[in-house]
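Engineer: One file: protein_26.txt (compact mmCIF, C-alpha atoms).
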# COMPACT_ATOMS: atom_id res chain seq x y z
CA MET A 1 38.58 88.02 -10.69
CA SER A 2 39.62 85.74 -13.55
CA LEU A 3 42.86 84.11 -14.53
CA GLN A 4 43.94 83.90 -18.16
CA LYS A 5 45.17 80.71 -19.75
CA GLY A 6 45.59 81.40 -23.43
CA ASN A 7 42.31 82.85 -24.60
CA ASN A 8 40.17 80.86 -22.11
CA PRO A 9 39.24 82.69 -18.91
CA ILE A 10 39.12 80.54 -15.77
CA LYS A 11 36.76 82.05 -13.26
CA LYS A 12 37.72 81.84 -9.64
CA ARG A 13 34.70 80.66 -7.65
CA ASP A 14 34.13 82.46 -4.39
CA PHE A 15 33.86 79.73 -1.76
CA LEU A 16 31.43 81.88 0.23
CA GLU A 17 29.00 81.90 -2.69
CA ILE A 18 28.88 78.18 -3.49
CA ASP A 19 25.33 76.98 -4.12
CA TRP A 20 25.30 73.77 -2.11
CA SER A 21 21.87 72.84 -3.49
CA LYS A 22 23.33 72.28 -6.97
CA ILE A 23 25.16 69.27 -8.36
CA PRO A 24 27.97 68.36 -7.64
CA TYR A 25 28.13 70.49 -4.47
CA VAL A 26 25.07 68.87 -2.92
CA PHE A 27 26.91 65.52 -2.98
CA TYR A 28 29.89 67.09 -1.21
CA LEU A 29 27.49 68.56 1.35
CA ILE A 30 25.90 65.17 1.98
CA MET A 31 29.32 63.59 2.44
CA LEU A 32 30.37 66.29 4.92
CA PHE A 33 27.15 65.82 6.84
CA LEU A 34 27.40 62.03 7.03
CA ILE A 35 31.08 62.02 7.99
CA SER A 36 30.32 64.36 10.90
CA ARG A 37 27.21 62.50 12.08
CA LEU A 38 27.82 58.77 11.67
CA PRO A 39 30.19 58.55 14.69
CA LEU A 40 27.35 59.82 16.93
CA LEU A 41 24.68 57.29 15.93
CA ASN A 42 25.61 54.50 18.35
CA LEU A 43 25.68 56.53 21.57
CA GLY A 44 22.30 55.80 23.13
CA PHE A 45 19.08 57.63 22.36
CA GLY A 46 20.44 60.94 23.64
CA TYR A 47 21.62 62.55 26.86
CA ASP A 48 18.23 64.18 27.48
CA SER A 49 15.98 61.74 29.35
CA ASP A 50 13.12 62.79 27.06
CA ALA A 51 14.88 60.92 24.24
CA TRP A 52 14.58 57.72 26.26
CA ARG A 53 10.91 58.48 26.94
CA MET A 54 10.44 58.68 23.18
CA ALA A 55 12.17 55.32 22.83
CA ASN A 56 9.94 53.75 25.49
CA THR A 57 6.81 54.95 23.70
CA ALA A 58 8.08 53.57 20.39
CA TYR A 59 9.00 50.25 22.05
CA ASP A 60 5.59 49.82 23.69
CA LEU A 61 3.81 50.71 20.47
CA ARG A 62 5.79 48.19 18.43
CA TYR A 63 5.89 45.25 20.83
CA PHE A 64 2.79 45.71 22.99
CA HIS A 65 0.59 47.70 20.53
CA ILE A 66 -0.06 50.24 23.28
CA TYR A 67 0.17 53.95 22.55
CA HIS A 68 1.00 56.40 25.29
CA THR A 69 2.64 59.71 24.57
CA SER A 70 6.26 60.03 25.61
CA ARG A 71 5.37 63.30 27.32
CA PHE A 72 2.70 65.94 26.98
CA PRO A 73 1.58 67.65 24.79
CA GLY A 74 2.57 64.74 22.53
CA PHE A 75 4.87 64.12 19.59
CA PRO A 76 2.85 61.71 17.43
CA ILE A 77 4.92 61.62 14.25
CA PRO A 78 8.31 60.82 15.85
CA GLU A 79 6.63 58.42 18.27
CA PHE A 80 4.92 56.41 15.52
CA LEU A 81 7.76 56.47 12.98
CA ASN A 82 10.34 55.52 15.61
CA SER A 83 8.22 52.49 16.48
CA LEU A 84 8.94 51.19 12.95
CA VAL A 85 12.70 51.09 13.58
CA ILE A 86 12.95 50.64 17.37
CA ASN A 87 13.90 46.99 16.78
CA TYR A 88 17.25 48.35 15.58
CA GLY A 89 17.70 50.15 18.89
CA TRP A 90 19.08 53.64 19.12
CA THR A 91 21.03 53.28 15.90
CA GLY A 92 17.73 53.00 14.01
CA THR A 93 15.92 55.88 15.70
CA ASN A 94 18.96 58.16 15.67
CA ALA A 95 19.41 57.41 11.96
CA LEU A 96 15.86 58.65 11.32
CA THR A 97 16.67 61.94 13.04
CA MET A 98 19.89 62.15 11.03
CA ILE A 99 17.97 61.71 7.76
CA PHE A 100 15.50 64.48 8.60
CA SER A 101 18.38 66.70 9.71
CA LEU A 102 20.12 66.16 6.37
CA ILE A 103 16.90 67.04 4.56
CA SER A 104 16.75 70.29 6.54
CA VAL A 105 20.31 71.17 5.46
CA ILE A 106 19.54 70.57 1.78
CA PHE A 107 16.30 72.56 1.84
CA PHE A 108 17.98 75.38 3.75
CA ALA A 109 20.48 75.54 0.89
CA LYS A 110 17.59 75.59 -1.60
CA ILE A 111 15.95 78.49 0.27
CA LEU A 112 19.17 80.51 0.17
CA SER A 113 19.45 79.82 -3.55
CA ALA A 114 15.80 80.78 -4.16
CA LEU A 115 16.28 84.05 -2.25
CA ASN A 116 19.63 84.69 -3.94
CA VAL A 117 21.19 85.30 -0.52
CA LYS A 118 24.76 86.57 -0.45
CA ARG A 119 27.35 84.32 1.20
CA LYS A 120 24.99 81.37 0.90
CA GLY A 121 27.94 78.99 0.76
CA LEU A 122 29.11 80.11 4.20
CA LEU A 123 25.60 80.09 5.68
CA VAL A 124 24.96 76.50 4.62
CA LEU A 125 28.22 75.34 6.19
CA THR A 126 27.41 77.31 9.35
CA TYR A 127 23.99 75.66 9.51
CA ASN A 128 25.47 72.22 8.80
CA PHE A 129 28.04 72.53 11.59
CA PHE A 130 25.98 74.65 13.98
CA PRO A 131 26.88 72.91 17.28
CA LEU A 132 23.35 72.92 18.72
CA LEU A 133 21.96 71.40 15.52
CA TRP A 134 24.88 68.98 15.26
CA ILE A 135 24.31 67.33 18.65
CA ASN A 136 20.55 67.15 18.10
CA SER A 137 20.83 65.64 14.62
CA THR A 138 21.69 62.17 15.96
CA ASN A 139 19.40 61.67 18.95
CA THR A 140 15.86 60.40 19.37
CA MET A 141 14.19 63.78 19.82
CA GLY A 142 11.79 65.72 17.61
CA TYR A 143 13.63 69.05 17.35
CA MET A 144 15.26 68.39 13.99
CA TRP A 145 12.20 66.58 12.63
CA ALA A 146 10.07 69.68 13.20
CA LEU A 147 12.76 71.99 11.86
CA ALA A 148 13.07 69.97 8.65
CA PHE A 149 9.36 70.29 7.86
CA ILE A 150 9.30 73.97 8.87
CA ILE A 151 12.05 74.62 6.33
CA ILE A 152 10.32 72.55 3.63
CA SER A 153 7.10 74.49 4.29
CA TRP A 154 9.02 77.77 3.99
CA TYR A 155 10.58 76.67 0.71
CA SER A 156 7.16 75.58 -0.60
CA ILE A 157 5.76 79.05 0.12
CA LEU A 158 8.61 80.63 -1.82
CA LYS A 159 7.76 78.33 -4.73
CA LYS A 160 4.06 79.26 -4.36
CA ARG A 161 3.00 75.71 -3.54
CA PHE A 162 0.71 76.77 -0.73
CA ILE A 163 -1.24 73.56 -0.15
CA LEU A 164 1.99 71.57 0.03
CA ALA A 165 3.36 74.22 2.40
CA GLY A 166 0.33 73.75 4.67
CA VAL A 167 0.76 69.97 4.63
CA MET A 168 4.44 70.28 5.55
CA PHE A 169 3.61 72.76 8.31
CA GLY A 170 1.00 70.34 9.65
CA ILE A 171 3.63 67.59 9.73
CA ALA A 172 6.00 69.95 11.57
CA THR A 173 3.25 70.44 14.15
CA GLY A 174 2.88 66.67 14.45
CA CYS A 175 6.58 66.54 15.30
CA ARG A 176 6.47 69.40 17.82
CA ILE A 177 3.24 71.24 18.53
CA THR A 178 5.11 74.46 19.32
CA SER A 179 5.79 74.75 15.58
CA THR A 180 2.27 76.20 15.29
CA ILE A 181 3.46 79.58 16.59
CA LEU A 182 5.02 80.21 13.17
CA ILE A 183 1.55 80.33 11.62
CA PHE A 184 1.40 84.14 11.69
CA PRO A 185 4.83 84.82 10.10
CA PHE A 186 4.06 82.19 7.45
CA LEU A 187 0.66 83.72 6.66
CA TYR A 188 2.37 87.11 6.40
CA LEU A 189 4.94 85.64 4.01
CA ILE A 190 2.22 84.06 1.86
CA PHE A 191 0.39 87.36 1.61
CA THR A 192 3.54 89.27 0.64
CA GLU A 193 4.43 86.61 -1.93
CA SER A 194 1.01 86.27 -3.60
CA LYS A 195 -1.29 89.11 -2.40
CA ASN A 196 -4.06 86.51 -2.53
CA TRP A 197 -6.23 85.67 0.48
CA LYS A 198 -7.20 82.35 -1.11
CA HIS A 199 -3.62 81.16 -0.93
CA MET A 200 -3.55 81.96 2.77
CA LEU A 201 -6.77 79.96 3.18
CA TYR A 202 -5.37 76.98 1.24
CA PHE A 203 -2.30 76.96 3.46
CA PHE A 204 -4.29 77.32 6.68
CA LEU A 205 -6.89 74.64 5.89
CA SER A 206 -4.34 72.08 4.76
CA PHE A 207 -2.29 72.79 7.89
CA ILE A 208 -5.33 72.35 10.18
CA ILE A 209 -6.49 69.12 8.50
CA VAL A 210 -3.06 67.49 8.58
CA SER A 211 -2.44 68.54 12.18
CA LEU A 212 -5.77 67.10 13.33
CA VAL A 213 -5.09 63.83 11.54
CA PHE A 214 -1.78 63.34 13.31
CA PHE A 215 -3.11 64.33 16.72
CA THR A 216 -6.14 62.03 16.42
CA PRO A 217 -4.44 59.25 18.46
CA LEU A 218 -3.83 61.66 21.33
CA ILE A 219 -7.36 63.06 21.16
CA ALA A 220 -8.76 59.51 21.15
CA ARG A 221 -6.73 58.53 24.21
CA TYR A 222 -6.62 61.74 26.25
CA ASN A 223 -9.42 63.89 24.76
CA LEU A 224 -8.02 67.43 25.07
CA GLY A 225 -6.14 66.49 28.22
CA PHE A 226 -2.93 66.15 26.23
CA LEU A 227 -2.74 69.94 25.93
CA LYS A 228 -0.89 70.25 29.20
CA TYR A 229 1.88 72.53 30.36
CA TYR A 230 3.88 71.96 33.52
CA PRO A 231 5.75 75.16 34.47
CA HIS A 232 8.57 75.00 36.98
CA LYS A 233 11.05 77.47 38.37
CA VAL A 234 14.41 78.01 36.74
CA LYS A 235 17.30 80.22 37.78
CA ILE A 236 18.39 82.96 35.38
CA LYS A 237 22.04 82.08 35.91
CA ASP A 238 21.35 78.46 34.94
CA VAL A 239 19.75 79.61 31.69
CA PHE A 240 22.70 81.92 31.03
CA PHE A 241 25.27 79.16 31.51
CA LYS A 242 23.27 76.84 29.25
CA PHE A 243 23.54 79.41 26.47
CA ILE A 244 27.29 79.76 27.04
CA ASN A 245 27.66 75.99 26.90
CA LYS A 246 25.61 75.53 23.74
CA PHE A 247 26.77 78.61 21.78
CA GLY A 248 30.16 79.48 23.25
CA ILE A 249 31.19 82.66 25.06
CA LEU A 250 32.98 84.14 22.02
CA THR A 251 29.94 83.52 19.84
CA LEU A 252 27.64 85.29 22.28
CA ILE A 253 29.99 88.24 22.80
CA THR A 254 30.72 88.79 19.11
CA GLY A 255 27.08 88.23 18.20
CA GLY A 256 26.00 90.89 20.67
CA LEU A 257 28.65 93.40 19.62
CA PHE A 258 28.10 92.85 15.90
CA SER A 259 24.34 93.28 16.34
CA LEU A 260 24.86 96.59 18.15
CA THR A 261 27.15 97.91 15.43
CA SER A 262 24.65 96.86 12.76
CA MET A 263 21.56 98.43 14.30
CA ARG A 264 21.46 101.24 11.75
CA ALA A 265 21.23 98.80 8.84
CA PHE A 266 18.64 96.78 10.71
CA PHE A 267 16.33 99.71 11.44
CA ARG A 268 16.80 100.97 7.90
CA ASN A 269 15.42 97.68 6.58
CA ILE A 270 12.49 97.81 8.99
CA ALA A 271 11.75 101.45 8.07
CA LYS A 272 11.69 100.47 4.40
CA LYS A 273 9.19 97.74 5.34
CA ASP A 274 11.49 95.13 3.88
CA LYS A 275 9.24 92.06 3.86
CA ASP A 276 12.09 89.60 4.29
CA SER A 277 13.46 91.38 7.36
CA ILE A 278 9.99 91.65 8.90
CA PHE A 279 9.29 87.95 8.27
CA LEU A 280 12.65 86.82 9.67
CA LEU A 281 12.48 89.10 12.70
CA SER A 282 8.89 88.15 13.58
CA SER A 283 9.79 84.44 13.41
CA ILE A 284 12.71 84.95 15.78
CA ILE A 285 10.71 87.12 18.20
CA ILE A 286 7.93 84.54 18.41
CA PHE A 287 10.34 81.83 19.53
CA PHE A 288 12.03 84.24 21.92
CA LEU A 289 8.67 84.94 23.56
CA LEU A 290 8.00 81.21 23.76
CA PHE A 291 11.35 80.74 25.47
CA LEU A 292 10.53 83.47 28.00
CA LYS A 293 7.39 81.50 28.84
CA ALA A 294 9.27 78.20 29.14
CA PRO A 295 13.04 78.85 29.51
CA TYR A 296 13.93 75.24 30.19
CA GLU A 297 16.01 74.10 27.23
CA VAL A 298 18.19 76.06 24.80
CA GLU A 299 16.94 73.60 22.16
CA TYR A 300 13.60 75.44 22.15
CA PHE A 301 15.43 78.03 20.04
CA ILE A 302 16.31 75.52 17.31
CA PRO A 303 13.46 76.52 14.94
CA ALA A 304 14.66 80.14 15.02
CA ILE A 305 18.20 79.29 13.87
CA PRO A 306 17.69 79.37 10.06
CA PHE A 307 15.78 82.65 10.33
CA GLY A 308 18.49 84.12 12.54
CA LEU A 309 21.34 83.12 10.24
CA ILE A 310 19.71 84.74 7.23
CA LEU A 311 18.80 87.90 9.16
CA ILE A 312 22.27 88.54 10.55
CA ASN A 313 23.79 87.86 7.15
CA LYS A 314 21.39 90.42 5.71
CA ILE A 315 22.31 93.24 8.08
CA TRP A 316 25.92 92.47 9.04
CA ARG A 317 28.97 93.26 6.96
CA LYS A 318 30.67 90.35 5.23
CA GLU A 319 33.64 90.30 7.62
CA LEU A 320 31.39 90.19 10.69
CA THR A 321 29.38 87.27 9.35
CA ILE A 322 32.55 85.32 8.61
CA ILE A 323 34.04 85.91 12.07
CA PHE A 324 30.78 85.01 13.82
CA SER A 325 30.36 81.82 11.78
CA LEU A 326 33.91 80.69 12.52
CA PHE A 327 33.52 81.26 16.27
CA LEU A 328 30.17 79.48 16.23
CA MET A 329 31.37 76.40 14.34
CA SER A 330 34.58 76.15 16.36
CA ASN A 331 32.52 75.73 19.55
CA ALA A 332 31.65 72.26 18.30
CA VAL A 333 35.18 70.98 18.95
CA VAL A 334 36.83 73.48 21.30
CA GLU A 335 35.34 75.60 24.07
CA VAL A 336 36.95 78.99 24.54
CA ASN A 337 36.79 80.48 28.02
CA VAL A 338 38.30 83.73 29.24
CA GLY A 339 42.05 83.19 29.01
CA ASN A 340 42.16 79.48 28.14
CA PHE A 341 41.09 76.72 25.78
CA THR A 342 39.52 73.69 27.44
CA GLY A 343 39.87 71.51 24.36
CA GLU A 344 36.31 70.20 24.67
CA GLY A 345 33.62 71.70 22.50
CA ILE A 346 29.92 70.98 22.73
CA VAL A 347 30.01 68.03 20.30
CA THR A 348 33.03 66.50 22.02
CA LYS A 349 31.36 66.86 25.42
CA SER A 350 28.10 65.46 24.08
CA ILE A 351 29.88 62.30 22.94
CA GLN A 352 31.48 61.87 26.36
CA GLU A 353 28.19 62.53 28.18
CA ARG A 354 26.29 60.00 26.12
CA ARG A 355 28.94 57.33 26.60
CA GLY A 356 28.98 58.06 30.32
CA GLN A 357 25.18 57.83 30.46
CA ILE A 358 25.16 54.30 29.03
CA ARG A 359 28.05 53.23 31.26
CA PHE A 360 26.35 54.60 34.39
CA THR A 361 23.06 52.88 33.54
CA HIS A 362 24.80 49.50 33.19
CA HIS A 363 26.47 50.02 36.57
CA LEU A 364 23.16 51.09 38.12
CA LEU A 365 21.33 47.99 36.90
CA ASN A 366 24.16 45.76 38.14
CA ALA A 367 24.54 47.45 41.52
CA LYS A 368 24.13 45.24 44.59
CA VAL A 369 20.49 45.64 45.53
CA LYS A 370 18.45 43.16 47.56
CA ALA A 371 15.45 41.45 46.00
CA HIS A 372 12.05 43.06 46.60
CA SER A 373 13.44 46.59 46.50
CA VAL A 374 12.56 50.04 45.22
CA VAL A 375 15.30 52.34 43.94
CA ILE A 376 14.70 56.11 43.72
CA VAL A 377 16.65 57.28 40.67
CA GLY A 378 15.11 60.59 39.54
CA TYR A 379 15.60 61.45 35.87
CA TRP A 380 17.31 58.11 35.24
CA VAL A 381 13.90 56.39 35.20
CA PRO A 382 13.30 56.43 31.40
CA THR A 383 16.82 55.12 30.73
CA VAL A 384 16.52 52.31 33.27
CA VAL A 385 13.02 51.37 32.08
CA TYR A 386 14.25 50.96 28.50
CA PHE A 387 17.22 48.79 29.50
CA LYS A 388 14.97 46.58 31.63
CA LYS A 389 12.64 46.11 28.66
CA VAL A 390 15.36 45.02 26.27
CA THR A 391 16.84 42.65 28.87
CA LYS A 392 13.44 40.94 28.97
CA GLY A 393 12.57 41.67 32.57
CA GLU A 394 15.65 40.57 34.51
CA ASN A 395 15.39 41.44 38.23
CA ASN A 396 11.65 42.02 37.97
CA ASP A 397 11.37 42.35 41.73
CA ILE A 398 13.49 45.49 41.70
CA HIS A 399 11.52 48.63 40.84
CA TYR A 400 12.86 52.04 39.84
CA ILE A 401 10.88 55.20 40.57
CA TYR A 402 11.49 58.92 40.11
CA SER A 403 10.76 60.09 43.68
CA ALA A 404 8.35 59.50 46.54
CA SER A 405 6.59 61.34 49.35
CA SER A 406 7.16 60.29 52.96
CA GLU A 407 3.72 58.64 52.94
CA LYS A 408 4.69 56.56 49.92
CA ILE A 409 7.98 55.56 51.55
CA ASN A 410 6.18 54.37 54.69
CA GLU A 411 3.70 52.42 52.57
CA LEU A 412 6.54 50.69 50.70
CA HIS A 413 8.22 49.75 53.98
CA LYS A 414 4.95 48.24 55.24
CA ASN A 415 4.84 46.11 52.11
CA GLY A 416 8.30 44.77 52.86
CA TYR A 417 10.32 46.71 50.29
CA ASN A 418 13.93 47.69 50.78
CA ILE A 419 14.39 51.27 49.60
CA TYR A 420 17.52 52.68 47.98
CA TYR A 421 18.25 56.06 46.45
CA LEU A 422 20.86 57.72 44.26
CA GLY A 423 22.84 60.40 46.10
CA MET A 424 21.37 63.35 44.20
CA MET A 425 17.85 62.32 45.23
CA ARG A 426 18.45 63.02 48.91
CA ASP A 427 18.75 66.79 48.36
CA TYR A 428 15.93 66.69 45.80
CA THR A 429 13.61 64.97 48.29
CA LYS A 430 14.47 67.47 51.02
CA ARG A 431 13.73 70.35 48.67
CA VAL A 432 10.51 68.99 47.14
CA TYR A 433 8.98 66.86 49.91
CA GLY A 434 10.60 68.34 53.02
CA TYR A 435 12.03 65.18 54.57
CA ASP A 436 15.34 63.30 54.68
CA LEU A 437 15.42 59.87 53.05
CA ASN A 438 17.94 58.68 55.66
CA ASP A 439 15.42 59.43 58.43
CA LEU A 440 13.01 56.91 56.87
CA ASN A 441 15.53 54.06 56.70
CA CYS A 442 16.38 54.47 53.02
CA LYS A 443 19.85 53.42 51.88
CA HIS A 444 22.22 55.41 49.70
CA LEU A 445 23.02 53.28 46.63
CA ARG A 446 26.64 53.68 45.59
CA VAL A 447 26.74 52.81 41.90
CA TYR A 448 30.52 53.06 41.53
CA LYS A 449 32.57 51.30 44.19
Could you spell out this file's structure in structure tokens?
Structural biologist:
Amino acid sequence: MSLQKGNNPIKKRDFLEIDWSKIPYVFYLIMLFLISRLPLLNLGFGYDSDAWRMANTAYDLRYFHIYHTSRFPGFPIPEFLNSLVINYGWTGTNALTMIFSLISVIFFAKILSALNVKRKGLLVLTYNFFPLLWINSTNTMGYMWALAFIIISWYSILKKRFILAGVMFGIATGCRITSTILIFPFLYLIFTESKNWKHMLYFFLSFIIVSLVFFTPLIARYNLGFLKYYPHKVKIKDVFFKFINKFGILTLITGGLFSLTSMRAFFRNIAKKDKDSIFLLSSIIIFFLLFLKAPYEVEYFIPAIPFGLILINKIWRKELTIIFSLFLMSNAVVEVNVGNFTGEGIVTKSIQERRGQIRFTHHLLNAKVKAHSVVIVGYWVPTVVYFKKVTKGENNDIHYIYSASSEKINELHKNGYNIYYLGMMRDYTKRVYGYDLNDLNCKHLRVYK
């Protein structure tokens, strides 16, 4: 549609089709991103205790020149780069994650432009304000780091820069080793783009070399022992409620219904051997299979998000994509349950949780505990350890541990330790070790009076 003003037509730009990778729109995109992220930078390293483990590794590397992985199988690139800014505390490390997250948004926009995807303007905004990505774009975790380099690698393949794509994919692996499972979809994409086996070889070799370089510190310290996996039981209902919390009930319902109504278009694309649909679907399936193997965190699905957004946009009608995107983005600020609005979306709750985490840790460290004591605190260990480091070892005769067997408790008593525990650890100890902490003269530590 165009409006006439004299003889000069003024074209009406469709907001859904804005190319956010082009000037001046990219500057508007950056402003939107920063405005939405800056308030979350100074809220601790992240609600997940693994973020505090990452911080402890970075701290020890910077100040004690000791490298130990934050957790297996290792995350060498975030661990080493965070050590360069850990002196600025969580604001510094969270800012690094924010920068890589912003890079991922910009390169996602460039991919949509390169593929000439319809409704690219809407998809970029949906990606930018995708609640799960939003809350993980300002913490000290490697999810968004890996995603950024996966997307850059993808874009490099589209531009036929296969060695650069391999390097970027190797860096993504150095951020999160699970990124490697995309190797097969990426090799398929390279073959469909170039029909040249040499290009696949260039990509693969550069990926292998870069990955080995970044994992050299872990190999040197642990040999191949860092390739560890610790499975544990999870309840299906817990996984289900995590998805509701992170995506929103309306998003899941509409997403399921819209997918069912669009099956014909989907299978038509597959039957036509549409290379884009096959590439996108295979990438999503691979991460779904990984999640079935380790269904512990919804965040394990983060690398599949850009592929999923493009695929549903490809097979859904315009109206369905718009409705789904609006429901998805709204879950950031308001959670919709059956029959009522709670007023607290995932981003709002994340802010409250992270503030509460810091407040609780301060109360825990200042709780009335006798000298020469051990406190059983469970998953609060990484958080407490970091705060004790930055306070330069105050109360050094008070030790905080995750849990302990009955034999360990008796040994600590023999050595004259007073033993305290957080309330949640009593049930945990009964379930895991089969004894009651109260029966072994351990005291319940009440953090809040």
Engineer: Skipping near chain neighbours, those fewer than 6 positions away, what residues fall within 12 Å of A:His232 using only C-alpha atoms, listed as a list in words?
Structural biologist: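 Those residues are Lys293, Ala294, Pro295, Tyr296 and Val432 of chain A.
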Engineer: Let's have the selection written as a PDB file, in the frame of the given file, with C-alpha atoms.
Structural biologist:
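Written out: result.pdb:
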ATOM      1  CA  LYS A 293       7.390  81.500  28.840  1.00  0.00           C
ATOM      2  CA  ALA A 294       9.270  78.200  29.140  1.00  0.00           C
ATOM      3  CA  PRO A 295      13.040  78.850  29.510  1.00  0.00           C
ATOM      4  CA  TYR A 296      13.930  75.240  30.190  1.00  0.00           C
ATOM      5  CA  VAL A 432      10.510  68.990  47.140  1.00  0.00           C
TER       6      VAL A 432
END
Engineer: Kindly provide the residues of stretch 244-338 of chain A that approach stretch 125-129 of chain A to within 12 Å, each paired with its closest atom pair and their distance in Å to one decimal, based on only C-alpha atoms, listed by chain and increasing number, as a Markdown table.
Structural biologist:
| residue | atom | partner | partner_atom | distance |
| --- | --- | --- | --- | --- |
| A:Phe247 | CA | A:Phe129 | CA | 11.9 |
| A:Ile302 | CA | A:Tyr127 | CA | 10.9 |
| A:Pro303 | CA | A:Tyr127 | CA | 11.9 |
| A:Ala304 | CA | A:Tyr127 | CA | 11.7 |
| A:Ile305 | CA | A:Tyr127 | CA | 8.1 |
| A:Pro306 | CA | A:Tyr127 | CA | 7.3 |
| A:Phe307 | CA | A:Tyr127 | CA | 10.8 |
| A:Gly308 | CA | A:Tyr127 | CA | 10.5 |
| A:Leu309 | CA | A:Tyr127 | CA | 8.0 |
| A:Ile310 | CA | A:Tyr127 | CA | 10.3 |
| A:Asn313 | CA | A:Thr126 | CA | 11.4 |
| A:Thr321 | CA | A:Thr126 | CA | 10.2 |
| A:Ile322 | CA | A:Thr126 | CA | 9.5 |
| A:Ile323 | CA | A:Thr126 | CA | 11.2 |
| A:Phe324 | CA | A:Thr126 | CA | 9.5 |
| A:Ser325 | CA | A:Thr126 | CA | 5.9 |
| A:Leu326 | CA | A:Thr126 | CA | 8.0 |
| A:Phe327 | CA | A:Thr126 | CA | 10.0 |
| A:Leu328 | CA | A:Thr126 | CA | 7.7 |
| A:Met329 | CA | A:Phe129 | CA | 5.8 |
| A:Ser330 | CA | A:Phe129 | CA | 8.9 |
| A:Asn331 | CA | A:Phe129 | CA | 9.7 |
| A:Ala332 | CA | A:Phe129 | CA | 7.6 |
| A:Val333 | CA | A:Phe129 | CA | 10.4 |
Engineer: Using only C-alpha atoms, which of A:Val213, A:Ile376, A:Val384, A:Leu260 sits nearest A:His363?
Structural biologist: A:Val384
Engineer: Find the residues around A:Ala95 up to 8 Å (only C-alpha atoms counted), leave out those fewer than 3 positions away in its own chain, and share them as number ranges by chain.
Structural biologist: A: 41, 91-92, 98-99, 138
Engineer: Using all atoms listed in the file, determine which residues lie at most 8 Å from A:Ile151, disregarding the query and same-chain residues fewer than 2 positions distant; provide the list as a PyMOL selection string.
Structural biologist: chain A and resi 104+107-108+147-149+153-155
Engineer: For the residues in that selection, give me C-alpha atoms as a PDB file, keeping the file's coordinate frame.
Structural biologist:
ATOM      1  CA  SER A 104      16.750  70.290   6.540  1.00  0.00           C
ATOM      2  CA  PHE A 107      16.300  72.560   1.840  1.00  0.00           C
ATOM      3  CA  PHE A 108      17.980  75.380   3.750  1.00  0.00           C
ATOM      4  CA  LEU A 147      12.760  71.990  11.860  1.00  0.00           C
ATOM      5  CA  ALA A 148      13.070  69.970   8.650  1.00  0.00           C
ATOM      6  CA  PHE A 149       9.360  70.290   7.860  1.00  0.00           C
ATOM      7  CA  SER A 153       7.100  74.490   4.290  1.00  0.00           C
ATOM      8  CA  TRP A 154       9.020  77.770   3.990  1.00  0.00           C
ATOM      9  CA  TYR A 155      10.580  76.670   0.710  1.00  0.00           C
TER      10      TYR A 155
END
Engineer: For a test of reading the model, state the distance in Å between atom CA of A:Arg359 and atom CA of A:Arg62, rounded to one decimal.
Structural biologist: 26.2 Å
Engineer: Ranking A:Ile315, A:Thr361, A:Tyr435, A:Leu40 by minimum distance to A:Phe387 and counting only C-alpha atoms, which one comes first?
Structural biologist: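 Answer, going by the shortest atom-to-atom distance: A:Thr361.
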Engineer: Just the number, please: distance in Å from atom CA of A:Ile358 to atom CA of A:Trp90, one decimal.
Structural biologist: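 Taking atom CA of A:Ile358 and atom CA of A:Trp90, their separation equals 11.6 Å.
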Engineer: Need to verify the contact set: A:Pro73, 6 Å, all atoms listed in the file, exclusion of same-chain residues closer than 2 positions in sequence. Can you return it as a ChimeraX atom specification?
Structural biologist: /A:226-228
Engineer: Take atom CA of A:Asp427 and atom CA of A:Asn396 and report the distance between them in Å, one decimal.
Structural biologist: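 So the two atoms, atom CA of A:Asp427 and atom CA of A:Asn396, lie 27.8 Å apart.
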Engineer: Anything within 10 Å of (0.8, 79.5, 12.8): list those residues as a ChimeraX atom specification, counting all atoms listed in the file and sticking to the file's coordinates.
Structural biologist: /A:166,169-170,173,178-187,204,207-208
Engineer: Let me make sure I understand: among A:Ile409, A:Leu257, A:Val347, A:Ile111, which one has the smallest atom-to-atom distance to A:Leu132 if we use all atoms listed in the file?
Structural biologist: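 Checking each candidate against A:Leu132, we get A:Val347 as the closest.
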Engineer: Counting only C-alpha atoms, which residue out of A:Asn245, A:Thr97, A:Thr216, A:Ser113 sits closest to A:Gly345?
Structural biologist: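 Of A:Asn245, A:Thr97, A:Thr216, A:Ser113, the one nearest A:Gly345, counting only C-alpha atoms, is A:Asn245.
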Engineer: Just want the 7 Å neighbourhood of A:Tyr417, counted on only C-alpha atoms, with same-chain residues fewer than 2 positions away dropped. Output as a PyMOL selection string.
Structural biologist: chain A and resi 372-374+412-413+415+419
Engineer: Could you tell me which of A:Ala172, A:Ile18, A:Leu32, A:Ile346 comes closest to A:Asn116 if we count all atoms listed in the file?
Structural biologist: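 Closest candidate: A:Ile18.
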Engineer: Between A:Trp20, A:Tyr433, A:Phe80, A:Phe301, which is the closest to A:Ile285 once you count all atoms listed in the file?
Structural biologist: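 For A:Ile285, the nearest of the candidates is A:Phe301.
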